[in-house]
Each structure stands twice: as C-alpha cells, then as structure tokens.
$ cat model01.txt   # compact mmCIF, C-alpha atoms (C1' of nucleotides)
# COMPACT_ATOMS: atom_id res chain seq x y z
CA MET A 1478 0.00 0.00 0.00
CA GLN A 1479 2.68 2.48 0.96
CA PRO A 1480 4.28 3.93 -2.16
CA GLU A 1481 7.82 2.99 -1.19
CA SER A 1482 10.50 3.42 -3.78
CA GLY A 1483 10.46 0.07 -5.50
CA ARG A 1484 6.73 -0.36 -5.34
CA ARG A 1485 4.93 1.41 -8.17
CA SER A 1486 1.66 0.61 -9.86
CA ASN A 1487 1.75 -0.33 -13.50
CA ARG A 1488 -0.29 2.72 -14.39
CA ASP A 1489 2.26 5.01 -12.75
CA ARG A 1490 5.14 3.26 -14.42
CA THR A 1491 3.52 3.54 -17.82
CA GLU A 1492 2.66 7.16 -17.38
CA ALA A 1493 6.14 8.05 -16.16
CA THR A 1494 7.93 6.16 -18.93
CA ARG A 1495 5.69 7.50 -21.68
CA SER A 1496 6.10 11.01 -20.34
CA ASP A 1497 9.89 10.67 -20.14
CA LEU A 1498 10.06 9.35 -23.68
CA ILE A 1499 7.89 12.13 -25.06
CA ALA A 1500 9.88 14.79 -23.23
CA ALA A 1501 13.20 13.44 -24.43
CA ALA A 1502 11.92 13.08 -27.98
CA ARG A 1503 10.45 16.56 -27.93
CA LYS A 1504 13.78 18.03 -26.89
CA LEU A 1505 15.69 16.19 -29.61
CA PHE A 1506 13.09 16.66 -32.33
CA THR A 1507 13.12 20.40 -31.72
CA GLU A 1508 16.90 20.63 -31.49
CA LYS A 1509 17.51 18.51 -34.56
CA SER A 1510 15.10 17.09 -37.11
CA TYR A 1511 13.01 13.94 -37.03
CA ALA A 1512 15.29 12.24 -39.53
CA GLU A 1513 18.46 13.20 -37.71
CA THR A 1514 17.23 11.90 -34.36
CA GLY A 1515 17.63 8.18 -33.78
CA THR A 1516 15.76 6.06 -31.29
CA PRO A 1517 18.99 5.06 -29.50
CA GLU A 1518 19.60 8.73 -28.74
CA ILE A 1519 16.04 9.26 -27.56
CA VAL A 1520 16.00 6.35 -25.13
CA ALA A 1521 19.41 7.34 -23.79
CA ALA A 1522 18.11 10.83 -23.02
CA ALA A 1523 15.06 9.30 -21.34
CA SER A 1524 17.15 6.77 -19.42
CA VAL A 1525 15.23 3.79 -20.71
CA THR A 1526 15.91 1.17 -23.38
CA ARG A 1527 14.56 0.77 -26.85
CA GLY A 1528 12.50 -2.09 -25.56
CA ALA A 1529 10.48 0.35 -23.47
CA LEU A 1530 9.98 2.64 -26.43
CA TYR A 1531 8.66 -0.11 -28.66
CA HIS A 1532 6.51 -1.40 -25.84
CA HIS A 1533 4.69 1.90 -25.48
CA PHE A 1534 4.74 3.12 -29.08
CA ALA A 1535 4.15 1.18 -32.27
CA ASP A 1536 7.16 2.77 -33.95
CA LYS A 1537 9.24 5.92 -34.11
CA GLN A 1538 6.51 7.67 -36.06
CA ALA A 1539 3.94 7.02 -33.31
CA LEU A 1540 6.23 8.61 -30.76
CA PHE A 1541 6.66 11.55 -33.09
CA ALA A 1542 2.90 11.88 -33.42
CA ALA A 1543 2.57 12.01 -29.63
CA VAL A 1544 5.17 14.78 -29.48
CA VAL A 1545 3.43 16.75 -32.22
CA GLU A 1546 0.07 16.37 -30.53
CA GLN A 1547 1.48 17.68 -27.26
CA GLU A 1548 3.21 20.59 -28.93
CA ALA A 1549 0.13 21.55 -30.93
CA ALA A 1550 -1.85 21.53 -27.71
CA ALA A 1551 0.76 23.75 -26.07
CA VAL A 1552 0.51 26.27 -28.90
CA ALA A 1553 -3.28 26.32 -28.68
CA GLN A 1554 -3.02 26.78 -24.93
CA GLU A 1555 -0.64 29.72 -25.28
CA ILE A 1556 -2.99 31.37 -27.74
CA GLU A 1557 -5.99 30.88 -25.51
CA THR A 1558 -4.10 32.26 -22.54
CA ALA A 1559 -2.89 35.31 -24.41
CA SER A 1560 -6.17 36.17 -26.10
CA PRO A 1561 -8.63 38.22 -24.07
CA PRO A 1562 -12.17 36.95 -24.57
CA ALA A 1563 -15.12 38.87 -25.95
CA LEU A 1564 -13.59 41.09 -28.59
CA ASP A 1565 -15.16 41.77 -31.91
CA ALA A 1566 -14.26 39.44 -34.75
CA ARG A 1567 -11.49 41.51 -36.27
CA ASP A 1568 -9.71 42.20 -32.98
CA ALA A 1569 -9.97 38.56 -32.02
CA LEU A 1570 -8.38 37.53 -35.31
CA ILE A 1571 -5.54 39.98 -34.83
CA ALA A 1572 -4.94 38.98 -31.24
CA GLY A 1573 -5.03 35.32 -32.18
CA SER A 1574 -2.60 35.68 -35.02
CA ASP A 1575 -0.18 37.69 -32.90
CA ALA A 1576 -0.37 35.08 -30.18
CA TYR A 1577 0.18 32.33 -32.73
CA LEU A 1578 3.23 34.00 -34.20
CA ALA A 1579 4.61 34.56 -30.70
CA ALA A 1580 4.03 30.93 -29.74
CA MET A 1581 5.75 29.68 -32.86
CA ARG A 1582 8.95 31.47 -31.86
CA ALA A 1583 9.77 28.68 -29.44
CA PRO A 1584 12.94 27.06 -30.77
CA GLY A 1585 12.36 24.24 -33.20
CA ARG A 1586 8.60 24.54 -33.15
CA THR A 1587 8.22 25.63 -36.73
CA ARG A 1588 10.25 22.72 -38.00
CA LEU A 1589 8.44 20.24 -35.78
CA LEU A 1590 4.92 21.45 -36.53
CA LEU A 1591 5.25 22.95 -40.00
CA LEU A 1592 7.95 20.94 -41.77
CA ASP A 1593 8.56 17.54 -40.22
CA GLY A 1594 4.97 17.11 -39.03
CA PRO A 1595 3.33 17.29 -42.46
CA ALA A 1596 6.09 15.25 -44.09
CA VAL A 1597 6.07 12.45 -41.53
CA LEU A 1598 2.37 12.28 -40.63
CA GLY A 1599 0.98 13.52 -43.93
CA ARG A 1600 -1.09 16.63 -44.43
CA ALA A 1601 -4.23 14.72 -43.47
CA GLY A 1602 -2.67 13.53 -40.24
CA MET A 1603 -1.55 17.03 -39.35
CA ASP A 1604 -4.98 18.43 -40.19
CA ALA A 1605 -6.54 15.95 -37.79
CA ILE A 1606 -4.22 17.11 -35.03
CA ASP A 1607 -4.66 20.79 -35.85
CA ASN A 1608 -8.42 20.45 -35.90
CA ARG A 1609 -8.33 19.06 -32.39
CA HIS A 1610 -6.50 22.16 -31.22
CA GLY A 1611 -5.76 25.52 -32.80
CA ASN A 1612 -7.73 25.42 -36.03
CA ARG A 1613 -10.97 24.77 -34.22
CA SER A 1614 -11.17 28.17 -32.57
CA LEU A 1615 -10.01 29.87 -35.75
CA ARG A 1616 -12.83 28.33 -37.72
CA GLU A 1617 -15.36 29.12 -35.03
CA GLY A 1618 -14.22 32.72 -35.01
CA LEU A 1619 -14.53 32.93 -38.78
CA VAL A 1620 -17.97 31.37 -38.80
CA ALA A 1621 -19.12 33.76 -36.12
CA ALA A 1622 -17.79 36.72 -38.08
CA MET A 1623 -19.57 35.50 -41.21
CA ARG A 1624 -22.80 34.99 -39.31
CA SER A 1625 -22.65 38.43 -37.79
CA GLY A 1626 -22.32 39.87 -41.26
CA SER A 1627 -18.96 41.48 -40.66
CA MET A 1628 -17.23 39.10 -43.06
CA LYS A 1629 -17.92 37.86 -46.57
CA LYS A 1630 -19.62 34.49 -46.66
CA LEU A 1631 -17.24 31.81 -47.83
CA PRO A 1632 -16.84 28.06 -47.35
CA PRO A 1633 -15.61 27.88 -43.74
CA GLU A 1634 -13.44 24.83 -44.14
CA ALA A 1635 -11.53 26.20 -47.11
CA LEU A 1636 -11.22 29.65 -45.60
CA THR A 1637 -9.87 28.24 -42.34
CA MET A 1638 -7.30 26.12 -44.15
CA LEU A 1639 -5.99 28.91 -46.34
CA LEU A 1640 -5.74 31.44 -43.55
CA ALA A 1641 -4.07 28.89 -41.28
CA SER A 1642 -1.63 28.17 -44.07
CA ALA A 1643 -0.81 31.87 -44.34
CA PHE A 1644 -0.16 31.99 -40.59
CA ASP A 1645 2.12 29.01 -40.88
CA ARG A 1646 4.16 30.47 -43.69
CA ALA A 1647 4.41 33.77 -41.85
CA ALA A 1648 5.82 31.97 -38.82
CA LEU A 1649 8.39 30.19 -40.99
CA ALA A 1650 9.35 33.37 -42.81
CA ILE A 1651 9.75 35.35 -39.61
CA GLU A 1652 11.95 32.67 -38.11
CA ALA A 1653 14.03 32.74 -41.28
CA GLY A 1654 14.66 36.45 -40.72
CA GLY A 1655 11.71 38.01 -42.48
CA SER A 1656 10.24 41.24 -41.19
CA SER A 1657 7.64 40.49 -38.57
CA GLU A 1658 5.92 43.80 -39.30
CA ASP A 1659 5.69 43.07 -43.00
CA TYR A 1660 4.02 39.73 -42.47
CA ARG A 1661 1.71 41.16 -39.84
CA ALA A 1662 0.71 43.91 -42.24
CA VAL A 1663 -0.11 41.44 -45.00
CA LEU A 1664 -2.11 39.21 -42.66
CA LEU A 1665 -4.05 42.26 -41.52
CA ALA A 1666 -4.69 43.29 -45.10
CA LEU A 1667 -6.00 39.80 -45.84
CA PHE A 1668 -8.41 40.00 -42.89
CA ASP A 1669 -9.63 43.43 -43.86
CA GLY A 1670 -10.04 42.37 -47.45
CA LEU A 1671 -12.45 39.69 -46.30
CA SER A 1672 -14.56 42.06 -44.25
CA ARG A 1673 -17.82 43.39 -45.60
CA ALA A 1674 -17.64 47.02 -46.62
CA MET B 1435 35.13 10.49 -84.54
CA GLN B 1436 32.18 8.35 -85.52
CA PRO B 1437 29.77 7.95 -82.59
CA GLU B 1438 29.78 4.18 -82.67
CA SER B 1439 28.11 2.33 -79.86
CA GLY B 1440 30.92 1.87 -77.41
CA ARG B 1441 32.49 5.22 -78.07
CA ARG B 1442 30.85 7.99 -76.04
CA SER B 1443 32.26 11.24 -74.80
CA ASN B 1444 32.46 11.76 -71.07
CA ARG B 1445 30.03 14.63 -71.30
CA ASP B 1446 27.46 12.43 -72.97
CA ARG B 1447 27.93 9.69 -70.43
CA THR B 1448 27.55 12.08 -67.52
CA GLU B 1449 24.49 13.70 -68.98
CA ALA B 1450 22.83 10.37 -69.73
CA THR B 1451 23.58 8.88 -66.31
CA ARG B 1452 22.51 11.96 -64.41
CA SER B 1453 19.35 12.15 -66.44
CA ASP B 1454 18.56 8.47 -65.87
CA LEU B 1455 19.12 8.82 -62.15
CA ILE B 1456 16.92 11.90 -61.87
CA ALA B 1457 14.16 10.27 -63.89
CA ALA B 1458 14.22 7.09 -61.83
CA ALA B 1459 14.33 9.05 -58.59
CA ARG B 1460 11.50 11.30 -59.73
CA LYS B 1461 9.32 8.31 -60.46
CA LEU B 1462 9.99 6.70 -57.10
CA PHE B 1463 9.85 9.90 -55.06
CA THR B 1464 6.45 10.68 -56.53
CA GLU B 1465 5.12 7.15 -56.12
CA LYS B 1466 6.37 6.77 -52.58
CA SER B 1467 7.99 9.28 -50.27
CA TYR B 1468 11.59 10.42 -49.97
CA ALA B 1469 12.05 8.45 -46.76
CA GLU B 1470 10.53 5.30 -48.17
CA THR B 1471 12.70 5.32 -51.27
CA GLY B 1472 16.17 3.86 -50.88
CA THR B 1473 19.15 4.48 -53.09
CA PRO B 1474 19.44 0.77 -53.98
CA GLU B 1475 15.95 0.95 -55.47
CA ILE B 1476 16.73 4.13 -57.35
CA VAL B 1477 19.90 2.85 -58.97
CA ALA B 1478 18.20 -0.43 -59.89
CA ALA B 1479 15.46 1.51 -61.67
CA ALA B 1480 18.08 3.57 -63.46
CA SER B 1481 20.18 0.50 -64.33
CA VAL B 1482 23.31 1.85 -62.73
CA THR B 1483 25.07 1.19 -59.45
CA ARG B 1484 25.22 3.18 -56.25
CA GLY B 1485 28.75 4.09 -57.17
CA ALA B 1486 27.45 6.08 -60.12
CA LEU B 1487 24.93 7.85 -57.93
CA TYR B 1488 27.54 8.93 -55.37
CA HIS B 1489 29.88 9.93 -58.15
CA HIS B 1490 27.40 12.39 -59.62
CA PHE B 1491 25.62 13.52 -56.45
CA ALA B 1492 27.04 14.32 -53.06
CA ASP B 1493 24.35 12.33 -51.30
CA LYS B 1494 20.76 11.21 -51.52
CA GLN B 1495 19.58 14.68 -50.57
CA ALA B 1496 21.44 16.27 -53.48
CA LEU B 1497 19.72 13.91 -55.90
CA PHE B 1498 16.42 14.81 -54.29
CA ALA B 1499 17.19 18.50 -54.72
CA ALA B 1500 17.83 17.94 -58.43
CA VAL B 1501 14.47 16.18 -58.77
CA VAL B 1502 12.67 18.97 -56.93
CA GLU B 1503 14.33 21.60 -59.06
CA GLN B 1504 13.26 19.84 -62.25
CA GLU B 1505 9.72 19.37 -61.03
CA ALA B 1506 9.40 22.97 -59.90
CA ALA B 1507 10.57 24.05 -63.33
CA ALA B 1508 7.99 21.78 -64.95
CA VAL B 1509 5.21 23.34 -62.89
CA ALA B 1510 6.34 26.83 -63.80
CA GLN B 1511 6.50 25.81 -67.43
CA GLU B 1512 2.97 24.41 -67.38
CA ILE B 1513 1.69 27.63 -65.84
CA GLU B 1514 3.43 29.77 -68.39
CA THR B 1515 2.11 27.65 -71.23
CA ALA B 1516 -1.44 27.76 -69.94
CA SER B 1517 -1.55 31.45 -69.14
CA PRO B 1518 -2.36 33.77 -72.03
CA PRO B 1519 -0.25 36.89 -71.87
CA ALA B 1520 -1.43 40.47 -71.54
CA LEU B 1521 -4.41 40.24 -69.27
CA ASP B 1522 -5.18 42.68 -66.54
CA ALA B 1523 -3.77 41.93 -63.11
CA ARG B 1524 -6.80 40.20 -61.65
CA ASP B 1525 -7.40 37.93 -64.64
CA ALA B 1526 -3.73 37.03 -64.73
CA LEU B 1527 -3.82 36.05 -61.08
CA ILE B 1528 -6.89 33.89 -61.59
CA ALA B 1529 -5.48 32.23 -64.67
CA GLY B 1530 -2.19 31.62 -62.91
CA SER B 1531 -3.77 30.09 -59.85
CA ASP B 1532 -6.00 27.83 -61.93
CA ALA B 1533 -3.00 26.70 -63.92
CA TYR B 1534 -1.03 26.10 -60.74
CA LEU B 1535 -3.78 24.00 -59.18
CA ALA B 1536 -4.10 22.03 -62.41
CA ALA B 1537 -0.35 21.42 -62.58
CA MET B 1538 -0.26 20.22 -58.99
CA ARG B 1539 -2.71 17.46 -59.79
CA ALA B 1540 0.09 15.39 -61.30
CA PRO B 1541 0.40 12.32 -59.07
CA GLY B 1542 2.80 12.74 -56.20
CA ARG B 1543 3.66 16.32 -56.99
CA THR B 1544 2.12 17.81 -53.90
CA ARG B 1545 4.01 15.47 -51.61
CA LEU B 1546 7.26 16.01 -53.47
CA LEU B 1547 7.07 19.79 -53.67
CA LEU B 1548 4.95 20.69 -50.65
CA LEU B 1549 5.69 18.07 -48.00
CA ASP B 1550 8.98 16.27 -48.57
CA GLY B 1551 10.65 19.24 -50.24
CA PRO B 1552 10.38 21.65 -47.32
CA ALA B 1553 11.18 18.93 -44.78
CA VAL B 1554 14.26 17.63 -46.56
CA LEU B 1555 15.68 20.83 -48.03
CA GLY B 1556 14.36 23.24 -45.44
CA ARG B 1557 11.97 26.08 -46.07
CA ALA B 1558 14.87 28.32 -47.08
CA GLY B 1559 16.07 25.77 -49.60
CA MET B 1560 12.61 25.42 -51.09
CA ASP B 1561 12.20 29.18 -51.24
CA ALA B 1562 15.42 29.44 -53.20
CA ILE B 1563 14.13 26.90 -55.70
CA ASP B 1564 10.67 28.44 -55.90
CA ASN B 1565 12.10 31.90 -56.43
CA ARG B 1566 14.02 30.61 -59.44
CA HIS B 1567 10.77 29.40 -60.96
CA GLY B 1568 7.12 29.96 -60.12
CA ASN B 1569 7.21 32.55 -57.38
CA ARG B 1570 9.11 34.97 -59.53
CA SER B 1571 6.27 35.65 -61.95
CA LEU B 1572 3.77 35.74 -59.10
CA ARG B 1573 5.71 38.47 -57.36
CA GLU B 1574 6.19 40.40 -60.56
CA GLY B 1575 2.49 40.24 -61.21
CA LEU B 1576 1.71 41.49 -57.73
CA VAL B 1577 4.20 44.31 -57.96
CA ALA B 1578 2.76 45.35 -61.29
CA ALA B 1579 -0.74 45.33 -59.88
CA MET B 1580 0.35 47.42 -56.92
CA ARG B 1581 2.14 49.87 -59.17
CA SER B 1582 -0.86 50.25 -61.43
CA GLY B 1583 -2.92 51.12 -58.40
CA SER B 1584 -5.34 48.24 -58.76
CA MET B 1585 -4.04 46.57 -55.59
CA LYS B 1586 -3.28 47.78 -52.08
CA LYS B 1587 0.36 48.54 -51.49
CA LEU B 1588 1.95 45.89 -49.30
CA PRO B 1589 5.44 44.47 -48.81
CA PRO B 1590 5.90 42.40 -51.99
CA GLU B 1591 8.04 39.68 -50.49
CA ALA B 1592 5.65 38.94 -47.64
CA LEU B 1593 2.59 39.16 -49.85
CA THR B 1594 4.08 36.78 -52.38
CA MET B 1595 4.98 34.25 -49.70
CA LEU B 1596 1.60 34.25 -48.03
CA LEU B 1597 -0.35 34.00 -51.26
CA ALA B 1598 1.93 31.25 -52.51
CA SER B 1599 1.38 29.44 -49.25
CA ALA B 1600 -2.38 29.67 -49.73
CA PHE B 1601 -2.01 28.20 -53.23
CA ASP B 1602 0.04 25.38 -51.81
CA ARG B 1603 -2.45 24.51 -49.12
CA ALA B 1604 -5.28 24.66 -51.62
CA ALA B 1605 -3.47 22.17 -53.82
CA LEU B 1606 -2.97 19.83 -50.88
CA ALA B 1607 -6.56 20.15 -49.73
CA ILE B 1608 -7.96 19.53 -53.19
CA GLU B 1609 -5.84 16.43 -53.58
CA ALA B 1610 -7.10 15.24 -50.19
CA GLY B 1611 -10.65 15.45 -51.51
CA GLY B 1612 -11.55 19.05 -50.72
CA SER B 1613 -13.89 20.93 -53.01
CA SER B 1614 -11.95 22.55 -55.79
CA GLU B 1615 -14.70 25.16 -56.18
CA ASP B 1616 -14.59 26.09 -52.51
CA TYR B 1617 -10.87 26.69 -52.53
CA ARG B 1618 -11.04 28.57 -55.78
CA ALA B 1619 -13.75 30.79 -54.33
CA VAL B 1620 -11.68 31.58 -51.26
CA LEU B 1621 -8.59 32.36 -53.31
CA LEU B 1622 -10.66 34.65 -55.48
CA ALA B 1623 -12.06 36.39 -52.42
CA LEU B 1624 -8.55 36.91 -51.11
CA PHE B 1625 -7.49 38.53 -54.41
CA ASP B 1626 -10.53 40.75 -54.53
CA GLY B 1627 -10.05 41.72 -50.93
CA LEU B 1628 -6.61 43.02 -51.80
CA SER B 1629 -7.82 45.11 -54.71
CA ARG B 1630 -8.34 48.79 -54.34
CA ALA B 1631 -12.00 49.84 -54.31
C1' DC C 307 -0.92 -18.16 -3.71
C1' DG C 308 -0.70 -19.56 -8.58
C1' DA C 309 -1.73 -17.91 -13.32
C1' DA C 310 -1.85 -14.48 -16.49
C1' DT C 311 -0.36 -10.21 -18.02
C1' DA C 312 2.17 -5.91 -18.27
C1' DA C 313 6.62 -3.62 -18.43
C1' DC C 314 10.38 -3.75 -19.65
C1' DA C 315 15.72 -5.54 -21.20
C1' DT C 316 18.55 -7.90 -24.58
C1' DA C 317 19.82 -9.93 -28.79
C1' DC C 318 19.27 -10.34 -33.60
C1' DA C 319 18.09 -9.79 -38.65
C1' DG C 320 17.59 -6.94 -42.35
C1' DT C 321 18.38 -2.60 -44.58
C1' DC C 322 20.31 1.63 -45.54
C1' DT C 323 23.85 5.38 -46.14
C1' DG C 324 28.32 7.10 -47.17
C1' DC C 325 33.02 6.12 -48.18
C1' DA C 326 37.20 3.79 -49.62
C1' DT C 327 39.28 1.25 -52.93
C1' DG C 328 39.81 -0.76 -57.54
C1' DT C 329 39.29 -0.56 -62.70
C1' DA C 330 38.45 0.72 -67.38
C1' DA C 331 37.54 4.33 -70.46
C1' DA C 332 38.28 9.01 -71.93
C1' DT C 333 41.05 13.15 -72.09
C1' DC C 334 45.20 15.84 -71.80
C1' DC C 335 49.78 16.93 -73.08
C1' DG C 336 54.40 16.90 -74.88
C1' DC D 394 51.09 9.03 -81.13
C1' DG D 395 51.76 7.48 -76.30
C1' DG D 396 52.21 7.95 -71.50
C1' DA D 397 50.17 10.50 -67.54
C1' DT D 398 46.16 12.07 -65.57
C1' DT D 399 41.51 12.49 -64.78
C1' DT D 400 36.79 10.90 -65.25
C1' DA D 401 33.17 7.55 -64.70
C1' DC D 402 31.97 4.31 -62.80
C1' DA D 403 31.72 -0.85 -59.95
C1' DT D 404 32.46 -3.29 -55.72
C1' DG D 405 33.13 -4.02 -50.99
C1' DC D 406 32.99 -2.45 -46.33
C1' DA D 407 31.94 -0.02 -41.84
C1' DG D 408 28.75 2.03 -39.02
C1' DA D 409 24.13 3.00 -37.73
C1' DC D 410 19.41 2.42 -37.44
C1' DT D 411 14.73 0.24 -37.31
C1' DG D 412 11.62 -3.23 -35.93
C1' DT D 413 10.95 -7.71 -33.91
C1' DA D 414 11.55 -11.86 -31.31
C1' DT D 415 12.70 -13.66 -27.12
C1' DG D 416 13.72 -13.67 -22.21
C1' DT D 417 13.03 -11.74 -17.48
C1' DT D 418 11.01 -9.34 -13.68
C1' DA D 419 7.38 -6.88 -11.45
C1' DT D 420 2.08 -6.48 -11.10
C1' DT D 421 -2.39 -7.75 -11.13
C1' DC D 422 -6.14 -11.01 -11.25
C1' DG D 423 -8.88 -14.82 -9.58

$ encode --input "model01.txt" --output "structure tokens"
Amino acid sequence: MQPESGRRSNRDRTEATRSDLIAAARKLFTEKSYAETGTPEIVAAASVTRGALYHHFADKQALFAAVVEQEAAAVAQEIETASPPALDARDALIAGSDAYLAAMRAPGRTRLLLLDGPAVLGRAGMDAIDNRHGNRSLREGLVAAMRSGSMKKLPPEALTMLLASAFDRAALAIEAGGSSEDYRAVLLALFDGLSRA
Amino acid sequence: MQPESGRRSNRDRTEATRSDLIAAARKLFTEKSYAETGTPEIVAAASVTRGALYHHFADKQALFAAVVEQEAAAVAQEIETASPPALDARDALIAGSDAYLAAMRAPGRTRLLLLDGPAVLGRAGMDAIDNRHGNRSLREGLVAAMRSGSMKKLPPEALTMLLASAFDRAALAIEAGGSSEDYRAVLLALFDGLSRA
DNA sequence: CGAATAACATACAGTCTGCATGTAAATCCG
DNA sequence: CGGATTTACATGCAGACTGTATGTTATTCG
C-alpha cells in the first residue's frame, strides 16, 4: 500500500515512462530534425531502453505523433491564454494571429509542426491534429464573423485552411529572418479584405 | 570520330547517367515518399550502381534537390504555357492560380514539392528553388498590380509568400478530396479583398 | 498463492547510407 | 602518337538504425 520506492503501480510506471520518452523526444526533435534523431539517442536521453519505447509506441513515427500532438496543444493553450475573450471578430483575429506567431517562436517549433509534421504524418494527419487544437477556434471565429455579417460568406473549411496556411508560412518566414511587421501587415490586409464594406 | 556504340564522350555519359538517375528518382519519389525510397531501389530503376549515384551527387539529398528543381521548373513551365499573356492583373492572377492548381494534380507532386521538399531541403532551400521558378512571376504580377494602383500597397516579399502558401495549401486540400470550387472561391475572395475599391 | 499479463531488457536480422578502394575508359599533353 | 592524368563508374565495407523476437522481472487477477 505504501508507495515505497520500488513499489509502483503499473499505471504510474507507464505514465512516467511515456512522459519521459515524449519529453526526451520533444527536446531532440526540436533541437535537430526527425530524420536526424535516432531512437537510441532518444532512449538514452530518457534513461530507458529501446524495448520500453517499442513497448509503449508502435514505432518511431507514433512517438513523433505524440510529441506533435502535445506541442500543438501547447501552442493552442498559449494562444488561448494570451487572447482576451469577448472582442469583436477583427480584434480577435488579430490577437489570435499575434499570439500564434509569438508561440511559434519557441525554438524548433516551426520545423516540428510545420515541416517535419506534415512530411512524416501527412497533411491529413496534421490536419486531424490541428483540428483538435488551434484550427478549431479559428474556424469558429470565422464562422461567427460571417454569421454576424462582418465578413464575406465563404466556405468555412476552405477559408480556415488557407488562412491557417498563411499563418504558418508567416511563422516560418519570420523565423528565417523576415520582417515580422511586413508579415503582420499582410495578414491584416487579408483580414480586412475579407470584411464586408 | 564516328559515334559508334561503345564510343561515347564523357560529357554524354555524364548527362545520360545523371538524367537516368533523376528520372528514376523522380518516379519513385512521386510514387512513394523520400524516406521510403532507398538508393538501392533508385539505382536499380536507373540500371546503374550506387557508385554512379555517389559519383554524380554528393548524397541522396542532393539527388532529391535535383528532382525537386526539375519538377518545380515543370510546374512553372505548365503555368506559363497555360496562361495567355497580356491580361489585366486580376485575370492574370486567376489564370495563374487555376493553372497552378491544375499542374499540382500530377500524381505525387504535392508530396514532393509541398511536404517532402520543405522537410528535406528546409523552407529556405525550397524558397530558393521556388524563387528561381514559379514565385518569380507571381511576385512580378503582384508588384505590377500594386504599381498600377489596382491593388493595395503591401510588402511584396511577404505578400508573395503568403499568397503562394495559400495556393500550396489549396493544392494539398484539393488532392485530399476538398472541393476545388470552394478553394477557388476563397482564393478569389482573397485577391478581390486586396484590390483597391 | 498460482496464473496471467504488463513492463520492460537484450539480442538479432535486415536494410540503408556514405566512403574507400579498384578498374576501365576518356582526355590531356608533350 | 603514347604515356600520364583524370573521369566515370563498380564493388566491398563499416557504421548506424529500425523493428521484432525472445527472455526476465514486477504487477495484477482470480
């Protein structure tokens, strides 16, 4: 009964090992790329063996998917935290995009979420993850703006995808040294262009 | 002097071997992914040995870069061929985007150019390739439209990137089964939103 | 308390990449 | 024209990595 060291429930062990593996993989996947990070290096950083990894995850790609899911959730969380509620549609879009671009400045995040993620998991796989997190609120905001009449009516799914894609490319360009103000200005112009006169 | 079979200049041999390797790699990289295609399979398809591959290319990534470059050029060529010259800015943009989306329907092209390309060569590497081909005319068109006063003035580099990114995502979404009309409508709305009233 | 199962650890097979070395053909040069 | 040099490969090897199969120990179930 007493949780002495040396007496742990299987659920605790699993949770701890999975968590250690994901943390170690996250660190390496953000420092280097998915392809450049080997499972021997990951398990060494997590102080377990490859046997543990392949017990908890089907393969290296499944571990990667878990890391991406966690990181996408973290980005969505940062946006939600930074965005004050109850603004009008346009201000909410601006606040959200600023928060997104700020969140994507975390080292290695753009490569993990915007380059390796789509290549390894496929665009469909990444869309599934994104729709569970960030994209959802973006689409809801757009739908609300369209309903309220402040934005042109357009297919919500397509509009969400293309705007999200513009955010993504802006994050990549800014990390590559592009002018943050320039990209912000263009994003703003795109929003305003979609608003009803 | 006579080009008998068995007497070929080194330049001819190099050109033929390089071309065979790129063609074989292009076929496999578009059928499967970069990661799933091994160099043994490539050289077998090209009827050469791995020694030839590593003689002509620094590594597998360099061969991939050559394939991407060729394919990006092909896309740009198809767009140029399909786009009648001397339209006004808006019609040129629409024609160009339609031609781009049509060109990206070639099997495997979206994965090669939009998923594997950025992941393997980096976003900066892909930008360098894109700027040598398709993006160039897009930016020139946008600059011309801005100069003529028919479009809002915005930083050309950023605007080009974000619009190109929207094209890319539209191509991916359409291939994944998304409604071509929906994405076309959103792209058109984005253009019109950027035009000066 | 025994049986079944979960959570690993270890060992192995197959494959791949990049390089080093060897060889024949082409080119250069005096 | 002929030897020296360089080019265009072919072959073999070393190291690393992935996934799996098998063995072992700690839990959990009945």

$ closest_residue --input "model01.txt" --among "A:Arg1495, A:Lys1509, A:Arg1527, A:Arg1503" --to "chain D" --atoms "all atoms listed in the file"
A:Arg1527

$ closest_residue --input "model01.txt" --among "A:Ala1502, A:Met1603, A:Leu1530, A:Ala1622" --to "chain C" --atoms "all atoms listed in the file"
A:Leu1530

$ residues_around --input "model01.txt" --residues "C:DA326" --least-positions-apart "4" --cutoff "12 Å" --atoms "all atoms listed in the file" --output "MDAnalysis selection string"
(chainID B and resid 1485) or (chainID D and resid 404:407)

$ residues_around --input "model01.txt" --residues "D:DT415" --least-positions-apart "5" --cutoff "12 Å" --atoms "only C-alpha atoms (C1' of nucleotides)" --output "PDB file with C-alpha atoms (C1' of nucleotides), in the coordinates of the input"
ATOM      1  CA  GLY A1528      12.500  -2.090 -25.560  1.00  0.00           C
TER       2      GLY A1528
ATOM      3  C1'  DA C 315      15.720  -5.540 -21.200  1.00  0.00           C
ATOM      4  C1'  DT C 316      18.550  -7.900 -24.580  1.00  0.00           C
ATOM      5  C1'  DA C 317      19.820  -9.930 -28.790  1.00  0.00           C
ATOM      6  C1'  DC C 318      19.270 -10.340 -33.600  1.00  0.00           C
TER       7       DC C 318
END

$ closest_atom_pairs --input "model01.txt" --of "chain D" --to "chain A" --cutoff "10 Å" --atoms "all atoms listed in the file" --output "tab-separated table"
residue	atom	partner	partner_atom	distance
D:DA409	C1'	A:Gly1515	CA	9.2
D:DC410	C1'	A:Gly1515	CA	7.1
D:DT411	C1'	A:Thr1516	CA	8.4
D:DG412	C1'	A:Asp1536	CA	7.7
D:DT413	C1'	A:Tyr1531	CA	9.5
D:DA419	C1'	A:Asn1487	CA	8.9
D:DT420	C1'	A:Asn1487	CA	6.6
D:DT421	C1'	A:Asn1487	CA	8.8

$ residues_around --input "model01.txt" --residues "D:DT400" --least-positions-apart "3" --cutoff "9 Å" --atoms "only C-alpha atoms (C1' of nucleotides)" --output "count of residues only"
4

$ interface_residues --input "model01.txt" --of "chain B" --to "chain A" --cutoff "10 Å" --atoms "only C-alpha atoms" --output "PyMOL selection string"
chain B and resi 1467-1469+1545-1546+1548-1558+1561+1586-1604+1606-1608+1610+1612-1621+1623-1631

$ atom_distance --input "model01.txt" --atom1 "atom CA of A:Glu1555" --atom2 "atom CA of A:Arg1582"
11.8 Å

$ atom_distance --input "model01.txt" --atom1 "atom CA of A:Gly1611" --atom2 "atom CA of A:Ala1553"
4.9 Å

$ closest_residue --input "model01.txt" --among "C:DC322, C:DA330, C:DC314, C:DC307" --to "chain B" --atoms "all atoms listed in the file"
C:DC322

$ atom_distance --input "model01.txt" --atom1 "atom CA of A:Ala1648" --atom2 "atom CA of A:Arg1616"
19.0 Å

$ residues_near_point --input "model01.txt" --point "(-2.0, 33.8, -71.0)" --cutoff "12 Å" --atoms "all atoms listed in the file" --output "PyMOL selection string"
chain B and resi 1512-1523+1525-1533

$ closest_residue --input "model01.txt" --among "B:Thr1451, B:Ser1481, B:Thr1544, B:Gln1495" --to "chain C" --atoms "only C-alpha atoms (C1' of nucleotides)"
B:Gln1495

$ closest_residue --input "model01.txt" --among "B:Glu1609, B:Glu1470, B:Asp1564, B:Glu1574" --to "chain C" --atoms "all atoms listed in the file"
B:Glu1470

$ residues_around --input "model01.txt" --residues "D:DC422" --least-positions-apart "2" --cutoff "9 Å" --atoms "all atoms listed in the file" --output "PyMOL selection string"
chain C and resi 309-311
